[in-house]
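Student: Provided herewith is a single structure, encoded as structure tokens, for subsequent inquiry.
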Amino acid sequence: MNYPKIIDAILLISVYIFLFNYFPLGLMLSETITSGGDTASHYYSAYYMKEYLLPKFRLTGWSMGAYAGAPLFQFYFPLPFLLIALLGYAIPLQIAFKLITILGVFLLPALAYFSFRLFGLKFPMPITGAMFTLPFLFNQGNSMWGGNIPSTLAGEFTYSIGLALAVLFFGLVYKGVNENKYLVLNILLLSTIALNHIYTLFFAGFASLFFLKNIKNWKYMLKIYITSFLLIGFWVIPLIAKLKYTSPYADAWNVSFWEVFPNILWPLIALFFVSFLFYIIRRKDKKKAGSIRILDFLLFSIFMMFILYWIAPYIGVVNIRFLPFIQLLVVLFSSFLVYFVLESKYTKNTEPRVLHVITLLTPVILFILTVALVGNLVTYIPAWIQWNYSGFEAKELWLPYKGVNEFLKGGVNEPRVVYEHSQEHNRAGTPRAFESLPLFSGRSTLEGVYMQSILNAPYIFYIQSEISKEASCPFPNRRCTNFNLEKGAKHLNLYNVREFIAITDKVKEALRKDKNYKLVKTAEPYEVYELQGDYSYIVVPKHYPISVNAMDFYEQFKWLDFEEFPVIYDAGGRNAGLIDFSREPKIIDGYDKCIVAEQIKEEEILFNTSCVGLPHLIKISYFPNWKVEGAKKIEFAAPAFMLVYPDKETVRLYYGRTLSDNIGFGATILGVLCILFLLFKRNG
């Protein structure tokens, strides 16, 4: 009887029984819309993928739902949402969303097991590696770095999936390089990792540079890198080409050793250091060359992640995203102590039957200790799982929240809705509950989950600080302001906002006293106010535009009315961002008599105008994919809008393709052809 395989199977099943104890099937299969953290806001993206993009046979597109319009899945990761949408055609989307958001958590133990098998490690190493992922997953030391369950619950589920796949990639590429096989599988796997999360691509890509130390491996590895890049070209090439239209966020976190390695990881850190000592001692043992080389690879990977952590702020990425990789690599390395002990000269002298029993019992004992460790130290995770997956419908404020959304019911053609930022919204499911306005009401709002995807984001968070009791102000290099409804009203008009949802007493009281706002709906604790003014996405400004050689208007945004004094970007202009008002801009005669009839759709803007030849400011985010008919070109207008000079009464703007999109699509076709060639060559 093959006892090692039986024990492997029993313990792996036990790992999943343990996980399902925290993620009960009844909860995961309930038809509720997931709430909690950023996760709730991702649901609308999955809905949009299923209902809008996939029927058009596309994975990326434009959504009017947030940030005055923004590209969707151009700067975020489409593959998990594609999985949700496809699964959502077979089962309710609510359930499909839940299952994919926990996919990374459930993949990691199994893929660690198979990766260790691919490394060529024998029992009990693979199952030990799988079990040791549990303390990593249940690490409560952070809830936003990525990889662990709290980060997954906070919205980093794409990272979790990519991380699990990267662990499998390590084993597959290790075996592939050594045996000159699995080339196509490694190409497809690395491409899949990239489409799940860019940081996990960094992890897999930079760690695998280890294999380039041997010249004979270069050909194999370059085939992986180049063909993978070609395969994801449809996504990554436009992403790179359009980075200038995003809002960078490269915050540098300073963390202590104890933050990186909280108490749940302490036993594994101790095992890591003992394993490292064995590694140093056995480094020159040729009989152990295989296992030593695996540890060389893991240590090289740790070193590379430290390098990326330190240089992250200089390359425009967030440094803490690399720390979970170090944590996981330390955990995997620590499991090698089992190998060193069982292979030591002392155990070799043990009576074979006794040694066999010890070997069989070791993973069982380790599983019991691991489960005890996790069970004793985990505190808030079960409540958070219950909170997220019981959904919006189970929350204290569901009925008033639902009532507000029903009151606001409409479409993207109607003016936008804004809401006060407040932690009190958490009673509805998440502090960011009203980011889901496009889902529940069909209306567009200002804030959204993908704040780096568009240049309008910093301006919108500045507005948030003007109209909220508490402000998030998430961009480190963009200072916000203090509560001021009067100034806020001007900016809300600029962004064509009609309704304002308030929740705190301070803001409600200020709104009642302000003549610019009118109470139109009460659903305690919410009050909905209507901002007085004219509502239009397309206006003829009072003055002709001023041209400057700049695209950053953040400081001017604080004091200048861009609807009255429009500013446009001119790459060839002499004025490098300084707006000169020594000569007052020329007033447009009859600007207030222009009649503009507009129709706004998700990826199309139509309008008829009585003022052909005059500038028309379009209060929708600029992005190079927008094309125009009825005007010569689209100007970039402050703060991050569009402006056109119609040469016809009827003007149509539509979301089309750019040169980088076409190049990217061509690269993907070439990548597919390369894969077919490699398969044909292998089978020929």
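As shown in the structure tokens, the chain order sets the letters A, B, ...; within each chain, residues go from 1, and ligands are also counted from 1 in the order they appear.
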Show me, as a list in words, the residues that have an atom within 10 Å of Pro80 of chain A when counting only C-alpha atoms, minus same-chain residues fewer than 3 positions from it.
Tutor: Ala46, Phe77, Leu83, Ile84, Ala85, Leu86, Phe97, Ile100, Thr101, Leu103, Phe157, Thr158, Tyr159, Ile161, Gly162, Thr192, Leu195, Asn196 and His197 of chain A
Student: Find the spatial neighbours of segment 146-156 of chain A, counting only C-alpha atoms, within a cut-off of 8 Å - ignore same-chain residues fewer than 2 positions away - and output them as a ChimeraX atom specification.
Tutor: /A:36-40,42,101-102,105,136-140,142-144,158-160,163,321,324,381,384-385,388
Student: To one decimal place, how far is atom CA of Leu373 of chain A from atom CA of Ser115 of chain A in Å?
Tutor: 24.2 Å
Student: Please return, as a PyMOL selection string, all residues of segment 145-370 of chain A that DSSP assigns to alpha helix (DSSP H) on the basis of the backbone.
Tutor: chain A and resi 149-154+157-179+183-194+198-207+218-231+233-241+257-260+266-281+289-315+323-334+336-342+345-348+352-370
Student: For segment 508-512 of chain A, find every residue with an atom within 12 Å (counting only C-alpha atoms), except residues of its own chain fewer than 4 positions away, and show them as an MDAnalysis selection string.
Tutor: chainID A and resid 419:420 467:469 483:486 488:489 499:504 516:520 522 524:532
Student: Would you tabulate, counting only C-alpha atoms, all residues of segment 336-432 of chain A that have an atom at most 8 Å from an atom of segment 265-289 of chain A, showing the closest pair of atoms and their distance in Å to one decimal, sorted by chain then ascending number, as JSON lines?
Tutor:
{"residue": "A:Phe336", "atom": "CA", "partner": "A:Ser275", "partner_atom": "CA", "distance": 6.2}
{"residue": "A:Leu337", "atom": "CA", "partner": "A:Ser275", "partner_atom": "CA", "distance": 4.8}
{"residue": "A:Phe340", "atom": "CA", "partner": "A:Phe278", "partner_atom": "CA", "distance": 6.8}
Student: Residues within 10 Å of Val173 of chain A, please, as a PyMOL selection string. Count only C-alpha atoms; anything in the same chain fewer than 3 positions from it doesn't count.
Tutor: chain A and resi 115+118-119+168-170+176-183+185-187+189-190+204+208+211+220-221+224
Student: Print the selection's residues with N, CA and C atoms to a file, as a PDB file, in the first residue's frame.
Tutor:
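Once everything was written out, this is out_34.pdb:
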ATOM      1  N   SER A 115       3.873  22.303  -7.065  1.00  0.00           N
ATOM      2  CA  SER A 115       5.145  22.937  -7.383  1.00  0.00           C
ATOM      3  C   SER A 115       6.302  22.173  -6.743  1.00  0.00           C
ATOM      4  N   LEU A 118       6.938  19.167  -8.693  1.00  0.00           N
ATOM      5  CA  LEU A 118       7.679  19.490  -9.914  1.00  0.00           C
ATOM      6  C   LEU A 118       9.151  19.759  -9.622  1.00  0.00           C
ATOM      7  N   PHE A 119       9.429  20.278  -8.421  1.00  0.00           N
ATOM      8  CA  PHE A 119      10.816  20.448  -8.004  1.00  0.00           C
ATOM      9  C   PHE A 119      11.539  19.107  -7.869  1.00  0.00           C
ATOM     10  N   LEU A 168       3.099  27.905  -8.736  1.00  0.00           N
ATOM     11  CA  LEU A 168       3.113  26.784  -9.673  1.00  0.00           C
ATOM     12  C   LEU A 168       4.146  27.015 -10.775  1.00  0.00           C
ATOM     13  N   PHE A 169       4.238  28.238 -11.249  1.00  0.00           N
ATOM     14  CA  PHE A 169       5.207  28.575 -12.299  1.00  0.00           C
ATOM     15  C   PHE A 169       6.630  28.250 -11.867  1.00  0.00           C
ATOM     16  N   PHE A 170       6.949  28.496 -10.592  1.00  0.00           N
ATOM     17  CA  PHE A 170       8.297  28.213 -10.102  1.00  0.00           C
ATOM     18  C   PHE A 170       8.650  26.741 -10.287  1.00  0.00           C
ATOM     19  N   GLY A 176      10.999  22.467 -16.243  1.00  0.00           N
ATOM     20  CA  GLY A 176      11.092  22.700 -17.681  1.00  0.00           C
ATOM     21  C   GLY A 176      12.494  23.029 -18.129  1.00  0.00           C
ATOM     22  N   VAL A 177      13.176  23.883 -17.379  1.00  0.00           N
ATOM     23  CA  VAL A 177      14.545  24.246 -17.723  1.00  0.00           C
ATOM     24  C   VAL A 177      15.464  23.034 -17.618  1.00  0.00           C
ATOM     25  N   ASN A 178      15.304  22.270 -16.535  1.00  0.00           N
ATOM     26  CA  ASN A 178      16.200  21.129 -16.306  1.00  0.00           C
ATOM     27  C   ASN A 178      15.997  20.006 -17.319  1.00  0.00           C
ATOM     28  N   GLU A 179      14.751  19.856 -17.785  1.00  0.00           N
ATOM     29  CA  GLU A 179      14.444  18.733 -18.669  1.00  0.00           C
ATOM     30  C   GLU A 179      14.103  19.175 -20.085  1.00  0.00           C
ATOM     31  N   ASN A 180      14.197  20.485 -20.341  1.00  0.00           N
ATOM     32  CA  ASN A 180      13.889  21.049 -21.659  1.00  0.00           C
ATOM     33  C   ASN A 180      12.500  20.609 -22.137  1.00  0.00           C
ATOM     34  N   LYS A 181      11.500  20.871 -21.308  1.00  0.00           N
ATOM     35  CA  LYS A 181      10.117  20.532 -21.638  1.00  0.00           C
ATOM     36  C   LYS A 181       9.188  21.571 -21.015  1.00  0.00           C
ATOM     37  N   TYR A 182       7.903  21.413 -21.231  1.00  0.00           N
ATOM     38  CA  TYR A 182       6.870  22.300 -20.676  1.00  0.00           C
ATOM     39  C   TYR A 182       6.995  23.750 -21.160  1.00  0.00           C
ATOM     40  N   LEU A 183       7.623  23.971 -22.317  1.00  0.00           N
ATOM     41  CA  LEU A 183       7.819  25.339 -22.791  1.00  0.00           C
ATOM     42  C   LEU A 183       6.485  26.045 -23.017  1.00  0.00           C
ATOM     43  N   LEU A 185       3.521  25.295 -21.841  1.00  0.00           N
ATOM     44  CA  LEU A 185       2.819  25.446 -20.567  1.00  0.00           C
ATOM     45  C   LEU A 185       3.373  26.627 -19.777  1.00  0.00           C
ATOM     46  N   ASN A 186       4.684  26.777 -19.753  1.00  0.00           N
ATOM     47  CA  ASN A 186       5.289  27.894 -19.022  1.00  0.00           C
ATOM     48  C   ASN A 186       4.938  29.235 -19.652  1.00  0.00           C
ATOM     49  N   ILE A 187       4.889  29.282 -20.983  1.00  0.00           N
ATOM     50  CA  ILE A 187       4.493  30.513 -21.672  1.00  0.00           C
ATOM     51  C   ILE A 187       3.056  30.886 -21.308  1.00  0.00           C
ATOM     52  N   LEU A 189       1.323  29.894 -18.737  1.00  0.00           N
ATOM     53  CA  LEU A 189       1.187  30.167 -17.309  1.00  0.00           C
ATOM     54  C   LEU A 189       1.683  31.565 -16.966  1.00  0.00           C
ATOM     55  N   LEU A 190       2.825  31.969 -17.520  1.00  0.00           N
ATOM     56  CA  LEU A 190       3.332  33.317 -17.244  1.00  0.00           C
ATOM     57  C   LEU A 190       2.386  34.378 -17.806  1.00  0.00           C
ATOM     58  N   ALA A 204       7.022  36.478 -10.543  1.00  0.00           N
ATOM     59  CA  ALA A 204       7.385  35.333 -11.376  1.00  0.00           C
ATOM     60  C   ALA A 204       8.527  35.675 -12.328  1.00  0.00           C
ATOM     61  N   SER A 208      12.437  34.235 -11.846  1.00  0.00           N
ATOM     62  CA  SER A 208      12.890  33.266 -12.851  1.00  0.00           C
ATOM     63  C   SER A 208      14.162  33.697 -13.564  1.00  0.00           C
ATOM     64  N   PHE A 211      17.404  31.434 -13.569  1.00  0.00           N
ATOM     65  CA  PHE A 211      17.790  30.399 -14.531  1.00  0.00           C
ATOM     66  C   PHE A 211      18.679  30.926 -15.651  1.00  0.00           C
ATOM     67  N   TYR A 220      15.749  28.922 -23.782  1.00  0.00           N
ATOM     68  CA  TYR A 220      14.472  28.467 -23.220  1.00  0.00           C
ATOM     69  C   TYR A 220      13.728  29.619 -22.534  1.00  0.00           C
ATOM     70  N   MET A 221      14.453  30.362 -21.680  1.00  0.00           N
ATOM     71  CA  MET A 221      13.806  31.425 -20.910  1.00  0.00           C
ATOM     72  C   MET A 221      13.377  32.591 -21.801  1.00  0.00           C
ATOM     73  N   ILE A 224      10.152  31.956 -23.375  1.00  0.00           N
ATOM     74  CA  ILE A 224       9.046  32.178 -22.436  1.00  0.00           C
ATOM     75  C   ILE A 224       8.731  33.663 -22.335  1.00  0.00           C
TER      76      ILE A 224
END
Student: Point out the residue among A:Gln464, A:Tyr401, A:Leu308, A:Gln556 with the least atom-to-atom distance to Phe322 of chain A, counting only C-alpha atoms.
Tutor: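 Going through A:Gln464, A:Tyr401, A:Leu308, A:Gln556 one by one, the smallest distance to Phe322 of chain A is for A:Leu308.
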Student: Report, in Å to a single decimal, how far apart atom CA of Leu298 of chain A and atom CA of Tyr16 of chain A are.
Tutor: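 A separation of 25.7 Å between them.
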Student: I'd like the neighbourhood of Leu93 of chain A as number ranges by chain, where a residue qualifies if any of its atoms comes within 12 Å (using only C-alpha atoms), though same-chain residues fewer than 3 positions away should be ignored.
Tutor: A: 28-34, 43-51, 81-90, 96-100
Student: Can I get the selection written as a short mmCIF file (atom, residue, chain, number, x, y, z; two decimals), in the first residue's frame, with N, CA and C atoms?
Tutor:
data_model
loop_
_atom_site.label_atom_id
_atom_site.label_comp_id
_atom_site.auth_asym_id
_atom_site.auth_seq_id
_atom_site.Cartn_x
_atom_site.Cartn_y
_atom_site.Cartn_z
N MET A 28 -21.10 30.92 0.73
CA MET A 28 -20.49 31.20 -0.57
C MET A 28 -21.47 30.95 -1.73
N LEU A 29 -22.48 30.13 -1.51
CA LEU A 29 -23.44 29.82 -2.57
C LEU A 29 -24.75 30.59 -2.43
N SER A 30 -24.78 31.55 -1.52
CA SER A 30 -25.98 32.38 -1.37
C SER A 30 -25.97 33.49 -2.42
N GLU A 31 -27.14 33.85 -2.92
CA GLU A 31 -27.25 34.84 -4.00
C GLU A 31 -27.34 36.25 -3.44
N THR A 32 -26.27 36.67 -2.77
CA THR A 32 -26.18 38.04 -2.27
C THR A 32 -25.02 38.74 -2.97
N ILE A 33 -25.10 40.05 -3.06
CA ILE A 33 -24.06 40.83 -3.72
C ILE A 33 -22.98 41.16 -2.70
N THR A 34 -21.78 40.68 -2.94
CA THR A 34 -20.67 40.79 -2.00
C THR A 34 -20.42 42.24 -1.61
N TYR A 43 -17.55 44.28 -7.94
CA TYR A 43 -18.68 43.51 -8.46
C TYR A 43 -19.26 44.17 -9.72
N TYR A 44 -19.36 45.50 -9.70
CA TYR A 44 -19.91 46.18 -10.88
C TYR A 44 -19.04 45.94 -12.10
N SER A 45 -17.72 45.85 -11.90
CA SER A 45 -16.81 45.59 -13.02
C SER A 45 -17.10 44.22 -13.63
N ALA A 46 -17.33 43.23 -12.76
CA ALA A 46 -17.67 41.89 -13.25
C ALA A 46 -19.00 41.92 -14.00
N TYR A 47 -19.96 42.66 -13.45
CA TYR A 47 -21.27 42.81 -14.10
C TYR A 47 -21.10 43.47 -15.47
N TYR A 48 -20.25 44.50 -15.54
CA TYR A 48 -20.02 45.21 -16.79
C TYR A 48 -19.35 44.31 -17.82
N MET A 49 -18.42 43.49 -17.35
CA MET A 49 -17.76 42.54 -18.24
C MET A 49 -18.79 41.59 -18.85
N LYS A 50 -19.67 41.07 -18.02
CA LYS A 50 -20.66 40.08 -18.47
C LYS A 50 -21.74 40.70 -19.36
N GLU A 51 -22.26 41.84 -18.96
CA GLU A 51 -23.42 42.41 -19.63
C GLU A 51 -23.08 43.34 -20.80
N PHE A 81 -12.03 38.74 -13.94
CA PHE A 81 -13.38 39.23 -14.25
C PHE A 81 -13.96 38.47 -15.44
N LEU A 82 -13.10 38.08 -16.36
CA LEU A 82 -13.55 37.23 -17.45
C LEU A 82 -14.05 35.89 -16.90
N LEU A 83 -13.32 35.32 -15.95
CA LEU A 83 -13.74 34.06 -15.34
C LEU A 83 -15.08 34.22 -14.63
N ILE A 84 -15.23 35.31 -13.89
CA ILE A 84 -16.49 35.57 -13.19
C ILE A 84 -17.63 35.67 -14.20
N ALA A 85 -17.41 36.45 -15.26
CA ALA A 85 -18.46 36.66 -16.25
C ALA A 85 -18.85 35.36 -16.94
N LEU A 86 -17.86 34.56 -17.35
CA LEU A 86 -18.15 33.30 -18.03
C LEU A 86 -18.89 32.34 -17.09
N LEU A 87 -18.43 32.27 -15.85
CA LEU A 87 -19.12 31.43 -14.87
C LEU A 87 -20.52 31.97 -14.60
N GLY A 88 -20.65 33.30 -14.71
CA GLY A 88 -21.95 33.93 -14.47
C GLY A 88 -22.99 33.62 -15.52
N TYR A 89 -22.58 33.07 -16.67
CA TYR A 89 -23.56 32.62 -17.66
C TYR A 89 -24.15 31.27 -17.27
N ALA A 90 -23.46 30.54 -16.38
CA ALA A 90 -23.93 29.21 -15.98
C ALA A 90 -24.62 29.22 -14.62
N ALA A 96 -20.91 33.36 -8.72
CA ALA A 96 -19.68 33.30 -9.53
C ALA A 96 -18.64 34.27 -8.99
N PHE A 97 -19.08 35.47 -8.63
CA PHE A 97 -18.17 36.48 -8.09
C PHE A 97 -17.54 35.99 -6.80
N LYS A 98 -18.33 35.42 -5.91
CA LYS A 98 -17.80 34.93 -4.64
C LYS A 98 -16.76 33.83 -4.86
N LEU A 99 -17.06 32.90 -5.74
CA LEU A 99 -16.17 31.77 -5.94
C LEU A 99 -14.83 32.20 -6.53
N ILE A 100 -14.84 33.15 -7.45
CA ILE A 100 -13.58 33.59 -8.05
C ILE A 100 -12.79 34.48 -7.09
#
Student: Determine, for each residue of segment 299-343 of chain A having at least one atom at most 12 Å from an atom of segment 357-363 of chain A, the closest pair of atoms and their separation in Å to one decimal, counting only C-alpha atoms; order by chain and ascending number, as CSV.
Tutor:
residue,atom,partner,partner_atom,distance
A:Ser335,CA,A:Pro363,CA,10.5
A:Leu337,CA,A:Thr362,CA,11.5
A:Val338,CA,A:Thr362,CA,8.1
A:Tyr339,CA,A:Thr359,CA,9.9
A:Val341,CA,A:Thr359,CA,10.1
A:Leu342,CA,A:Thr359,CA,7.2
A:Glu343,CA,A:Thr359,CA,10.2
Student: Would you pick out the contacts of segment 662-667 of chain A at 10 Å or less, using only C-alpha atoms, so that residues sharing its chain but fewer than 2 positions from it are not included, and give the list as a list in words?
Tutor: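 Listed by chain and then number, they are Thr227, Phe229, Leu230, Leu231, Ile232, Gly233, Phe234, Trp235, Val236, Ile237, Pro238, Leu239, Arg657, Thr658, Leu659, Ser660, Ile669, Leu670, Gly671, Val672 and Leu673 of chain A.
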Student: Would you output that residue set with N, CA and C atoms, as a short mmCIF file (atom, residue, chain, number, x, y, z; two decimals), in the first residue's frame?
Tutor:
data_model
loop_
_atom_site.label_atom_id
_atom_site.label_comp_id
_atom_site.auth_asym_id
_atom_site.auth_seq_id
_atom_site.Cartn_x
_atom_site.Cartn_y
_atom_site.Cartn_z
N THR A 227 7.49 35.26 -25.93
CA THR A 227 6.19 34.78 -26.39
C THR A 227 5.08 35.17 -25.42
N PHE A 229 5.04 37.87 -23.59
CA PHE A 229 4.79 39.29 -23.86
C PHE A 229 3.91 39.47 -25.10
N LEU A 230 4.20 38.71 -26.13
CA LEU A 230 3.39 38.80 -27.34
C LEU A 230 1.94 38.40 -27.07
N LEU A 231 1.76 37.32 -26.31
CA LEU A 231 0.40 36.83 -26.04
C LEU A 231 -0.45 37.86 -25.31
N ILE A 232 0.14 38.57 -24.38
CA ILE A 232 -0.63 39.57 -23.62
C ILE A 232 -0.50 40.95 -24.26
N GLY A 233 0.05 41.00 -25.48
CA GLY A 233 0.26 42.27 -26.16
C GLY A 233 -1.00 43.10 -26.30
N PHE A 234 -2.15 42.45 -26.51
CA PHE A 234 -3.42 43.17 -26.69
C PHE A 234 -3.73 44.05 -25.48
N TRP A 235 -3.20 43.66 -24.31
CA TRP A 235 -3.46 44.38 -23.07
C TRP A 235 -2.27 45.22 -22.65
N VAL A 236 -1.07 44.63 -22.64
CA VAL A 236 0.08 45.30 -22.04
C VAL A 236 0.66 46.40 -22.93
N ILE A 237 0.62 46.24 -24.25
CA ILE A 237 1.19 47.28 -25.12
C ILE A 237 0.37 48.57 -25.04
N PRO A 238 -0.97 48.53 -25.14
CA PRO A 238 -1.74 49.76 -24.92
C PRO A 238 -1.56 50.32 -23.52
N LEU A 239 -1.42 49.43 -22.52
CA LEU A 239 -1.21 49.90 -21.15
C LEU A 239 0.04 50.75 -21.06
N ARG A 657 -10.32 52.62 -31.40
CA ARG A 657 -9.02 51.98 -31.22
C ARG A 657 -7.90 52.95 -31.56
N THR A 658 -6.77 52.77 -30.90
CA THR A 658 -5.59 53.58 -31.17
C THR A 658 -4.54 52.71 -31.87
N LEU A 659 -3.46 53.34 -32.28
CA LEU A 659 -2.37 52.60 -32.91
C LEU A 659 -1.81 51.55 -31.95
N SER A 660 -1.67 51.90 -30.67
CA SER A 660 -1.13 50.93 -29.71
C SER A 660 -2.08 49.75 -29.53
N ILE A 669 -1.79 38.13 -31.87
CA ILE A 669 -1.92 37.19 -32.99
C ILE A 669 -0.58 36.51 -33.27
N LEU A 670 0.50 37.29 -33.25
CA LEU A 670 1.83 36.72 -33.46
C LEU A 670 2.18 35.73 -32.36
N GLY A 671 1.80 36.07 -31.11
CA GLY A 671 2.05 35.16 -30.00
C GLY A 671 1.32 33.84 -30.15
N VAL A 672 0.07 33.91 -30.61
CA VAL A 672 -0.71 32.69 -30.85
C VAL A 672 -0.05 31.84 -31.93
N LEU A 673 0.42 32.50 -32.98
CA LEU A 673 1.11 31.78 -34.06
C LEU A 673 2.39 31.11 -33.54
#
Student: So which one's closest to Met305 of chain A, A:Val417, A:Leu492, A:Leu323, A:Ile568? Using only C-alpha atoms, please.
Tutor: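 Distance minimum relative to Met305 of chain A lands on A:Leu323.
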